[in-house]
Structure formats: structure tokens, C-alpha cells
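File shown: protein-v5.cif. Contents: mmCIF, C-alpha atoms.
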```
data_upload
loop_
_atom_site.label_atom_id
_atom_site.label_comp_id
_atom_site.auth_asym_id
_atom_site.auth_seq_id
_atom_site.Cartn_x
_atom_site.Cartn_y
_atom_site.Cartn_z
CA MET A 1 12.60 -1.53 17.65
CA SER A 2 13.20 0.08 14.31
CA GLY A 3 13.48 -1.01 10.75
CA THR A 4 12.49 -0.52 7.18
CA ALA A 5 9.63 -1.84 5.13
CA GLY A 6 9.43 -5.56 4.56
CA ASP A 7 7.08 -8.51 4.62
CA THR A 8 5.39 -8.85 7.94
CA PRO A 9 2.42 -10.94 9.00
CA ALA A 10 -1.06 -9.41 9.09
CA LEU A 11 -2.06 -11.26 12.24
CA SER A 12 -0.28 -11.89 15.50
CA ASN A 13 -1.06 -13.94 18.58
CA ILE A 14 0.04 -11.38 21.13
CA ALA A 15 -1.94 -11.76 24.34
CA TYR A 16 -3.59 -8.95 26.28
CA ASP A 17 -1.36 -9.61 29.28
CA ASP A 18 1.76 -9.17 27.14
CA LEU A 19 0.83 -5.66 26.01
CA VAL A 20 3.01 -3.11 27.82
CA VAL A 21 1.40 0.31 28.18
CA GLY A 22 3.67 3.18 27.17
CA GLU A 23 6.47 1.19 25.57
CA ARG A 24 7.35 3.03 22.38
CA MET A 25 8.08 1.01 19.25
CA GLY A 26 9.79 2.35 16.16
CA PRO A 27 10.41 4.59 14.40
CA TYR A 28 9.45 2.62 11.32
CA THR A 29 10.11 4.17 7.96
CA GLU A 30 7.41 3.92 5.30
CA SER A 31 7.18 5.50 1.88
CA VAL A 32 4.00 7.10 0.64
CA SER A 33 4.44 6.75 -3.07
CA SER A 34 2.72 8.92 -5.62
CA ASP A 35 0.92 5.79 -6.83
CA MET A 36 -0.36 4.98 -3.34
CA ALA A 37 -1.58 8.54 -2.83
CA ALA A 38 -3.27 8.57 -6.23
CA ARG A 39 -5.05 5.26 -5.66
CA LEU A 40 -6.51 6.42 -2.33
CA ALA A 41 -7.83 9.80 -3.46
CA GLY A 42 -10.88 8.73 -5.42
CA PRO A 43 -12.74 5.44 -5.45
CA ILE A 44 -10.26 2.91 -4.07
CA GLY A 45 -7.89 1.66 -6.71
CA GLU A 46 -8.92 4.23 -9.32
CA PRO A 47 -5.97 6.63 -9.53
CA GLN A 48 -6.45 10.39 -9.42
CA ASP A 49 -3.79 13.08 -9.66
CA VAL A 50 -3.12 14.61 -6.26
CA ASP A 51 -0.83 17.32 -4.91
CA ALA A 52 -1.02 16.06 -1.32
CA VAL A 53 -1.41 12.71 0.39
CA PRO A 54 -5.12 12.06 0.96
CA PRO A 55 -6.47 11.24 4.43
CA ALA A 56 -7.22 7.63 3.49
CA ALA A 57 -3.48 6.94 3.44
CA TYR A 58 -3.08 7.39 7.19
CA PRO A 59 -5.15 4.41 8.43
CA ILE A 60 -2.96 2.34 6.11
CA LEU A 61 0.21 3.80 7.60
CA PHE A 62 -1.21 2.99 11.05
CA LEU A 63 -1.78 -0.55 9.91
CA LYS A 64 1.68 -0.95 8.42
CA ALA A 65 3.31 0.33 11.60
CA LEU A 66 1.13 -1.94 13.69
CA ARG A 67 2.24 -4.95 11.72
CA ARG A 68 5.86 -4.02 12.17
CA SER A 69 5.61 -3.17 15.85
CA MET A 70 3.34 -5.97 17.04
CA GLY A 71 3.12 -8.36 14.12
CA GLY A 72 -0.38 -7.08 13.39
CA ILE A 73 -3.43 -7.59 15.54
CA PRO A 74 -4.65 -11.00 16.69
CA ALA A 75 -7.26 -12.91 14.74
CA GLY A 76 -10.66 -12.17 16.23
CA SER A 77 -9.82 -8.57 17.07
CA VAL A 78 -12.47 -5.98 16.31
CA LEU A 79 -11.55 -2.43 15.28
CA ALA A 80 -13.96 -0.36 17.34
CA LYS A 81 -12.76 3.20 16.88
CA GLN A 82 -10.13 5.18 15.08
CA GLU A 83 -9.06 8.78 15.65
CA LEU A 84 -6.81 10.95 13.50
CA GLU A 85 -5.47 14.42 14.19
CA PHE A 86 -4.00 16.16 11.17
CA ARG A 87 -0.97 18.33 11.96
CA GLY A 88 0.67 18.82 8.58
CA VAL A 89 0.34 18.08 4.88
CA LEU A 90 2.49 15.48 3.19
CA ALA A 91 3.57 15.50 -0.44
CA PRO A 92 3.21 12.29 -2.46
CA GLY A 93 6.52 10.50 -2.78
CA SER A 94 7.54 11.26 0.81
CA ASP A 95 9.03 9.04 3.46
CA VAL A 96 7.55 9.09 6.94
CA SER A 97 8.64 7.69 10.27
CA ILE A 98 6.05 6.17 12.55
CA VAL A 99 6.22 5.48 16.27
CA THR A 100 3.56 3.35 17.97
CA TRP A 101 2.78 2.49 21.55
CA VAL A 102 0.01 0.95 23.61
CA GLY A 103 -1.68 3.96 25.14
CA ASP A 104 -4.13 2.12 27.32
CA LYS A 105 -5.66 -1.25 28.01
CA GLN A 106 -8.66 -1.85 30.15
CA VAL A 107 -11.63 -4.14 30.51
CA ARG A 108 -14.96 -2.38 30.11
CA ARG A 109 -18.25 -4.24 30.33
CA GLU A 110 -16.27 -7.49 30.26
CA ARG A 111 -14.60 -6.57 26.98
CA PRO A 112 -10.84 -5.96 26.76
CA PHE A 113 -10.17 -2.65 24.99
CA VAL A 114 -6.67 -1.79 23.79
CA THR A 115 -5.71 1.69 22.58
CA ILE A 116 -2.74 1.85 20.22
CA GLU A 117 -1.27 5.28 19.60
CA PHE A 118 0.53 6.48 16.46
CA ASP A 119 2.78 9.41 15.68
CA ILE A 120 3.65 10.01 12.02
CA ARG A 121 6.39 12.48 11.09
CA ASP A 122 7.94 13.54 7.83
CA ALA A 123 11.63 13.40 6.92
CA ASP A 124 12.18 16.75 8.67
CA ASP A 125 10.63 15.38 11.87
CA ARG A 126 7.53 17.54 11.44
CA GLN A 127 4.46 15.95 12.92
CA ILE A 128 2.02 15.07 10.14
CA VAL A 129 -0.68 12.95 11.78
CA THR A 130 -1.25 11.58 15.25
CA GLY A 131 -3.98 9.21 16.23
CA ARG A 132 -5.06 5.95 17.71
CA LYS A 133 -6.92 2.75 17.10
CA ILE A 134 -9.16 1.33 19.79
CA ILE A 135 -9.41 -2.39 19.38
CA VAL A 136 -11.48 -5.01 21.17
CA TRP A 137 -8.81 -7.61 21.90
CA PRO A 138 -9.76 -11.28 21.50
CA THR A 139 -8.23 -12.21 24.85
CA GLY A 140 -8.58 -10.53 28.21
CA PRO A 141 -6.46 -10.60 31.35
CA SER A 142 -4.94 -14.01 32.14
CA GLU A 143 -6.44 -15.68 29.08
CA GLU A 144 -4.37 -17.66 26.61
CA SER A 145 -4.05 -16.15 23.15
CA ALA A 146 -5.63 -18.03 20.25
CA MET B 1 -21.31 27.08 4.07
CA SER B 2 -24.52 25.18 4.64
CA ALA B 3 -25.24 21.54 5.36
CA GLY B 4 -26.39 21.10 1.80
CA GLU B 5 -22.97 21.97 0.48
CA PHE B 6 -21.28 18.94 2.00
CA PRO B 7 -21.58 16.44 -0.85
CA ALA B 8 -23.16 13.03 -0.41
CA VAL B 9 -20.54 10.65 -1.79
CA THR B 10 -21.34 7.02 -2.49
CA ASP B 11 -18.75 4.29 -2.79
CA ARG B 12 -19.58 0.90 -4.23
CA VAL B 13 -17.67 -1.80 -2.36
CA THR B 14 -16.28 -4.36 -4.76
CA GLN B 15 -13.96 -7.32 -4.42
CA ASP B 16 -11.64 -5.55 -6.86
CA GLY B 17 -11.56 -2.55 -4.55
CA ILE B 18 -10.95 -4.78 -1.51
CA ASP B 19 -8.15 -6.55 -3.36
CA ALA B 20 -6.65 -3.18 -4.31
CA TYR B 21 -6.83 -2.05 -0.69
CA ALA B 22 -5.16 -5.29 0.42
CA GLU B 23 -2.39 -4.67 -2.07
CA ILE B 24 -1.90 -1.04 -1.01
CA SER B 25 -2.06 -1.76 2.72
CA GLY B 26 -0.44 -5.19 2.73
CA ASP B 27 -3.39 -6.48 4.76
CA PHE B 28 -4.28 -9.82 3.23
CA ASN B 29 -6.35 -11.03 6.18
CA PRO B 30 -8.37 -14.00 4.85
CA LEU B 31 -11.58 -12.30 5.98
CA HIS B 32 -10.99 -9.82 3.17
CA VAL B 33 -9.47 -11.85 0.38
CA ASP B 34 -10.21 -15.57 0.87
CA PRO B 35 -13.87 -16.40 0.13
CA GLN B 36 -13.66 -19.90 1.60
CA ALA B 37 -11.99 -18.84 4.83
CA ALA B 38 -14.34 -15.89 5.14
CA ALA B 39 -17.37 -18.12 4.57
CA ALA B 40 -16.28 -20.31 7.46
CA SER B 41 -15.88 -17.29 9.77
CA GLU B 42 -18.48 -15.69 12.01
CA PHE B 43 -19.14 -13.19 9.20
CA GLY B 44 -20.21 -15.89 6.76
CA GLY B 45 -18.39 -14.27 3.84
CA ILE B 46 -15.95 -11.64 2.73
CA ILE B 47 -15.95 -8.36 4.66
CA ALA B 48 -14.10 -5.23 3.57
CA HIS B 49 -11.24 -3.67 5.50
CA GLY B 50 -12.71 -1.30 8.09
CA PRO B 51 -11.37 1.94 6.56
CA ILE B 52 -13.08 1.14 3.25
CA ALA B 53 -16.35 1.99 4.98
CA LEU B 54 -14.84 5.34 5.95
CA HIS B 55 -13.64 6.15 2.46
CA ALA B 56 -16.86 7.89 1.42
CA PHE B 57 -16.47 10.34 4.30
CA PHE B 58 -12.89 11.17 3.35
CA ARG B 59 -13.90 11.73 -0.25
CA ALA B 60 -16.83 13.92 0.77
CA ALA B 61 -14.63 15.96 3.10
CA THR B 62 -11.85 16.56 0.58
CA THR B 63 -14.37 17.37 -2.15
CA TRP B 64 -16.11 19.84 0.14
CA LEU B 65 -12.81 21.44 1.14
CA GLY B 66 -11.49 21.48 -2.43
CA SER B 67 -8.26 19.95 -1.16
CA ASP B 68 -6.55 16.61 -1.60
CA ALA B 69 -5.57 16.52 2.09
CA LEU B 70 -7.32 17.42 5.32
CA PRO B 71 -5.72 20.66 6.51
CA PRO B 72 -3.71 20.90 9.75
CA GLY B 73 -6.01 21.26 12.73
CA SER B 74 -8.57 18.87 11.29
CA GLU B 75 -9.62 15.89 13.41
CA VAL B 76 -11.61 12.79 12.57
CA LYS B 77 -13.10 10.38 15.12
CA VAL B 78 -14.58 7.20 13.74
CA THR B 79 -16.72 4.51 15.32
CA TYR B 80 -17.00 1.32 13.30
CA ARG B 81 -20.52 -0.08 13.69
CA ALA B 82 -21.06 -2.80 11.09
CA PRO B 83 -19.04 -4.63 8.44
CA THR B 84 -19.28 -3.83 4.76
CA ARG B 85 -19.26 -6.45 2.05
CA PRO B 86 -18.73 -6.68 -1.68
CA GLY B 87 -21.79 -5.29 -3.42
CA ASP B 88 -22.58 -2.78 -0.68
CA GLU B 89 -23.11 0.86 -1.59
CA VAL B 90 -21.83 3.09 1.18
CA THR B 91 -23.02 6.69 1.26
CA CYS B 92 -21.69 9.41 3.53
CA GLU B 93 -24.58 11.44 4.94
CA VAL B 94 -24.07 14.54 7.06
CA ARG B 95 -26.32 14.72 10.12
CA GLU B 96 -25.12 18.01 11.54
CA GLN B 97 -22.73 20.70 10.41
CA ARG B 98 -21.70 23.74 12.43
CA SER B 99 -19.17 26.36 11.33
CA ASP B 100 -17.57 28.94 13.57
CA SER B 101 -15.94 32.27 12.84
CA ASN B 102 -12.44 30.75 12.96
CA GLY B 103 -12.96 28.68 9.84
CA ARG B 104 -13.57 25.45 11.73
CA THR B 105 -16.51 23.27 10.84
CA GLU B 106 -17.77 20.48 13.06
CA VAL B 107 -19.36 17.67 11.10
CA ASP B 108 -21.36 14.74 12.40
CA ALA B 109 -21.76 12.19 9.65
CA GLU B 110 -22.73 8.61 9.11
CA CYS B 111 -21.77 6.23 6.36
CA VAL B 112 -24.77 4.04 5.61
CA ASN B 113 -25.19 1.10 3.32
CA GLN B 114 -27.99 0.45 0.85
CA ASP B 115 -30.17 -0.91 3.68
CA GLU B 116 -29.67 2.31 5.68
CA THR B 117 -27.54 0.39 8.18
CA VAL B 118 -24.96 2.69 9.72
CA VAL B 119 -21.56 1.14 9.08
CA VAL B 120 -19.46 4.05 10.35
CA SER B 121 -20.17 7.10 12.50
CA VAL B 122 -17.88 10.11 12.18
CA LYS B 123 -17.34 13.20 14.29
CA ALA B 124 -14.95 15.55 12.57
CA VAL B 125 -13.53 19.01 12.83
CA LEU B 126 -12.46 20.38 9.47
CA THR B 127 -10.33 23.45 9.05
CA GLN B 128 -10.06 25.48 5.88
CA PRO B 129 -7.04 24.93 3.60
#
```

I'd like the structure from this file rewritten - as C-alpha cells, please.
Amino acid sequence: MSGTAGDTPALSNIAYDDLVVGERMGPYTESVSSDMAARLAGPIGEPQDVDAVPPAAYPILFLKALRRSMGGIPAGSVLAKQELEFRGVLAPGSDVSIVTWVGDKQVRRERPFVTIEFDIRDADDRQIVTGRKIIVWPTGPSEESA
Amino acid sequence: MSAGEFPAVTDRVTQDGIDAYAEISGDFNPLHVDPQAAAASEFGGIIAHGPIALHAFFRAATTWLGSDALPPGSEVKVTYRAPTRPGDEVTCEVREQRSDSNGRTEVDAECVNQDETVVVSVKAVLTQP
């Protein structure tokens, strides 16, 4: 799947059983505007001049890609962990391409954990940030989604 | 660099800030922006987007580094432990800080609210710009 920015739902009803480990989705193109970078540098929503995209932008790019690849996460999901590895610096006003995939899914202590991986690259295909979200899914194996 | 040099940054969580984050991220989950729907949820009211609780750490790290971005080679691992709500004051507090001769600093930090509840735990490696 690939595409450009557009309105997508924040929540999906994708079931645990329907998640395919390793299937890559994207690339999805997103713009990191100067305004977005500025509003995430200081207290949220209070713009500050910046020369580089601040780290707070990347969880948002994860989220945007997740919405476009999977329609978001299901209602009742719990974001348990998030990991980011910084590989390069991005200038405000840049476009990025994002690929996502389900890295792992497993039930631990009766809770279904889903790891979603992200790879963010700039317009020259330089890796900027990689990372993952680990989410407690609201449904487990062979359960109906909400 | 000593542990005392990593600044303690406090963010006040407000509905305006949550609304701004929803606008920037496009995440208008009712738990964040719809008081009635949020009140009927298991949380009993509005909760902030998860990364808002992490924001104080990012601000502390970039202030400490003197850089808008986290330099290449930096890593941040976050465990979300409790929701944050409008009115909360979230402070990033460093628990441990170790620097090596290669310019890498390992930081263990927690973001705590005004009740000293840990809302986010962070293990980070920060490289110099």
C-alpha cells in the first residue's frame, strides 16, 4: 500500500488474528512542516524557532503512518512501550516516507502484545528514525474484534 | 557533565495543549477531545495522548544537548505507566546518568505527575551533536 496524506480514521477494528507479521505497508509520504516542528519544540502548541525537527515529531509520524497502514489502532488498545532510534537529522519543511510492519505478535501473561515497526526516511532515502510501538491489543487469538 | 546538569523540565497538561496535539497529529480519539465520551469510558474523563507525557523528557534532553533534535546514534525507550489528564503537571526527573568517553550518555529518567505518580519511564542513550 502507498499513498499521500489524507483523512483517515483514528481507530480501526482490525483483529489480532488478522495482523500479518512482516508484511510491509507503505511507503507513506508525510510532510513535516516548519509550523509542526515549531509547535512541538517547546510546550505543546507554543511555537519556537527551530533549525531541526524535534524528537516529539516522530511519535506523531508513527501515528500518522499507523492510521494510513492499518486505519489506526482499535478502540481499547493500550500503548505500552515506544522505542525510537535516531539515525539522522531532518530539516523543518521536509517530506518523509514511512514504512510500517507488524514486527511481532504474541500473548504474554494472557495479554496480546503487538509490536509495530516504523522506518522513516527523508527525500534522499536516508534513514532518519526507526522505532516501534508495543501495543496491548484489545482482542487476542480467535476473539472477535469490538 | 553531571546529573545535576540535566534540567528538570515541567509541562502543564492542558486541554488546549491536548487539542493542539490532536490537531497536529490528527488523533481526535474521543478519549482525548470529547469530555462526555471520555467520562463514560474506563478512564472517567479526558486523558492526554500518550506522547504528551513524554514531552517533558524530550524538552529536557534537547535543552541539555543544546540542540533542537536528538543527534544520530541517540535512542529512547519509553514505558507508558499511567495516563495524564488536563491539569496535571508532568516533570522529567533523571534517576541515573552515566557518560562514557565516546560522548554517549545513558539516562534513566521518569516523568512524574504532581502526585509523584510515574506516568512514563525512559531509558535513553544520548549522543553529542

(request) Could you please select, counting only C-alpha atoms, the residues of chain B within 7 Å of chain A and state them as a list in words? (result) Asp11, Gly17, Ala20, Tyr21, Ile24, Ser25, Asp27, Phe28, Asn29, Pro51, His55, Phe58, Arg59, Asp68, Ala69, Leu70, Pro71, Pro72, Gly73, Ser74, Glu75, Val76, Lys77, Val78, Thr79 and Tyr80 of chain B

Once the PyMOL selection byres ((chain A and resi 24-29) around 12) has been evaluated on this model, what residues remain selected, and can you format them as an mmCIF file with C-alpha atoms, in the coordinates of the input?
```
data_model
loop_
_atom_site.group_PDB
_atom_site.id
_atom_site.type_symbol
_atom_site.label_atom_id
_atom_site.label_comp_id
_atom_site.auth_asym_id
_atom_site.auth_seq_id
_atom_site.Cartn_x
_atom_site.Cartn_y
_atom_site.Cartn_z
ATOM 1 C CA MET A 1 12.600 -1.530 17.650
ATOM 2 C CA SER A 2 13.200 0.080 14.310
ATOM 3 C CA GLY A 3 13.480 -1.010 10.750
ATOM 4 C CA THR A 4 12.490 -0.520 7.180
ATOM 5 C CA ALA A 5 9.630 -1.840 5.130
ATOM 6 C CA GLY A 6 9.430 -5.560 4.560
ATOM 7 C CA LEU A 19 0.830 -5.660 26.010
ATOM 8 C CA VAL A 20 3.010 -3.110 27.820
ATOM 9 C CA VAL A 21 1.400 0.310 28.180
ATOM 10 C CA GLY A 22 3.670 3.180 27.170
ATOM 11 C CA GLU A 23 6.470 1.190 25.570
ATOM 12 C CA GLU A 30 7.410 3.920 5.300
ATOM 13 C CA SER A 31 7.180 5.500 1.880
ATOM 14 C CA VAL A 32 4.000 7.100 0.640
ATOM 15 C CA LEU A 61 0.210 3.800 7.600
ATOM 16 C CA PHE A 62 -1.210 2.990 11.050
ATOM 17 C CA LEU A 63 -1.780 -0.550 9.910
ATOM 18 C CA LYS A 64 1.680 -0.950 8.420
ATOM 19 C CA ALA A 65 3.310 0.330 11.600
ATOM 20 C CA LEU A 66 1.130 -1.940 13.690
ATOM 21 C CA ARG A 67 2.240 -4.950 11.720
ATOM 22 C CA ARG A 68 5.860 -4.020 12.170
ATOM 23 C CA SER A 69 5.610 -3.170 15.850
ATOM 24 C CA MET A 70 3.340 -5.970 17.040
ATOM 25 C CA GLY A 71 3.120 -8.360 14.120
ATOM 26 C CA SER A 94 7.540 11.260 0.810
ATOM 27 C CA ASP A 95 9.030 9.040 3.460
ATOM 28 C CA VAL A 96 7.550 9.090 6.940
ATOM 29 C CA SER A 97 8.640 7.690 10.270
ATOM 30 C CA ILE A 98 6.050 6.170 12.550
ATOM 31 C CA VAL A 99 6.220 5.480 16.270
ATOM 32 C CA THR A 100 3.560 3.350 17.970
ATOM 33 C CA TRP A 101 2.780 2.490 21.550
ATOM 34 C CA VAL A 102 0.010 0.950 23.610
ATOM 35 C CA GLY A 103 -1.680 3.960 25.140
ATOM 36 C CA ILE A 116 -2.740 1.850 20.220
ATOM 37 C CA GLU A 117 -1.270 5.280 19.600
ATOM 38 C CA PHE A 118 0.530 6.480 16.460
ATOM 39 C CA ASP A 119 2.780 9.410 15.680
ATOM 40 C CA ILE A 120 3.650 10.010 12.020
ATOM 41 C CA ARG A 121 6.390 12.480 11.090
ATOM 42 C CA ASP A 122 7.940 13.540 7.830
ATOM 43 C CA ALA A 123 11.630 13.400 6.920
ATOM 44 C CA ASP A 125 10.630 15.380 11.870
#
```

(request) Measure the distance from CA of Thr62 in chain B to CA of Asp88 in chain B in Å and round it to one decimal. (result)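 These atoms are spaced 22.2 Å apart.
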
(message) Suppose a student applies the PyMOL selection byres ((chain B and resi 90-95) around 8) to this structure; what residues should they get, written as a list of chain:residue names?
(response) B:Ala3, B:Phe6, B:Ala8, B:Val9, B:Thr10, B:Asp11, B:Arg12, B:Val13, B:Ala53, B:Ala56, B:Phe57, B:Ala60, B:Asp88, B:Glu89, B:Glu96, B:Gln97, B:Val107, B:Asp108, B:Ala109, B:Glu110, B:Cys111, B:Val112, B:Asn113, B:Gln114

Would you save the residues of that selection, restricted to C-alpha atoms, as an mmCIF file, keeping the file's coordinate frame?
```
data_model
loop_
_atom_site.group_PDB
_atom_site.id
_atom_site.type_symbol
_atom_site.label_atom_id
_atom_site.label_comp_id
_atom_site.auth_asym_id
_atom_site.auth_seq_id
_atom_site.Cartn_x
_atom_site.Cartn_y
_atom_site.Cartn_z
ATOM 1 C CA ALA B 3 -25.240 21.540 5.360
ATOM 2 C CA PHE B 6 -21.280 18.940 2.000
ATOM 3 C CA ALA B 8 -23.160 13.030 -0.410
ATOM 4 C CA VAL B 9 -20.540 10.650 -1.790
ATOM 5 C CA THR B 10 -21.340 7.020 -2.490
ATOM 6 C CA ASP B 11 -18.750 4.290 -2.790
ATOM 7 C CA ARG B 12 -19.580 0.900 -4.230
ATOM 8 C CA VAL B 13 -17.670 -1.800 -2.360
ATOM 9 C CA ALA B 53 -16.350 1.990 4.980
ATOM 10 C CA ALA B 56 -16.860 7.890 1.420
ATOM 11 C CA PHE B 57 -16.470 10.340 4.300
ATOM 12 C CA ALA B 60 -16.830 13.920 0.770
ATOM 13 C CA ASP B 88 -22.580 -2.780 -0.680
ATOM 14 C CA GLU B 89 -23.110 0.860 -1.590
ATOM 15 C CA GLU B 96 -25.120 18.010 11.540
ATOM 16 C CA GLN B 97 -22.730 20.700 10.410
ATOM 17 C CA VAL B 107 -19.360 17.670 11.100
ATOM 18 C CA ASP B 108 -21.360 14.740 12.400
ATOM 19 C CA ALA B 109 -21.760 12.190 9.650
ATOM 20 C CA GLU B 110 -22.730 8.610 9.110
ATOM 21 C CA CYS B 111 -21.770 6.230 6.360
ATOM 22 C CA VAL B 112 -24.770 4.040 5.610
ATOM 23 C CA ASN B 113 -25.190 1.100 3.320
ATOM 24 C CA GLN B 114 -27.990 0.450 0.850
#
```

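Going from CA of Ala61 in chain B to CA of Thr117 in chain B covers 20.9 Å.
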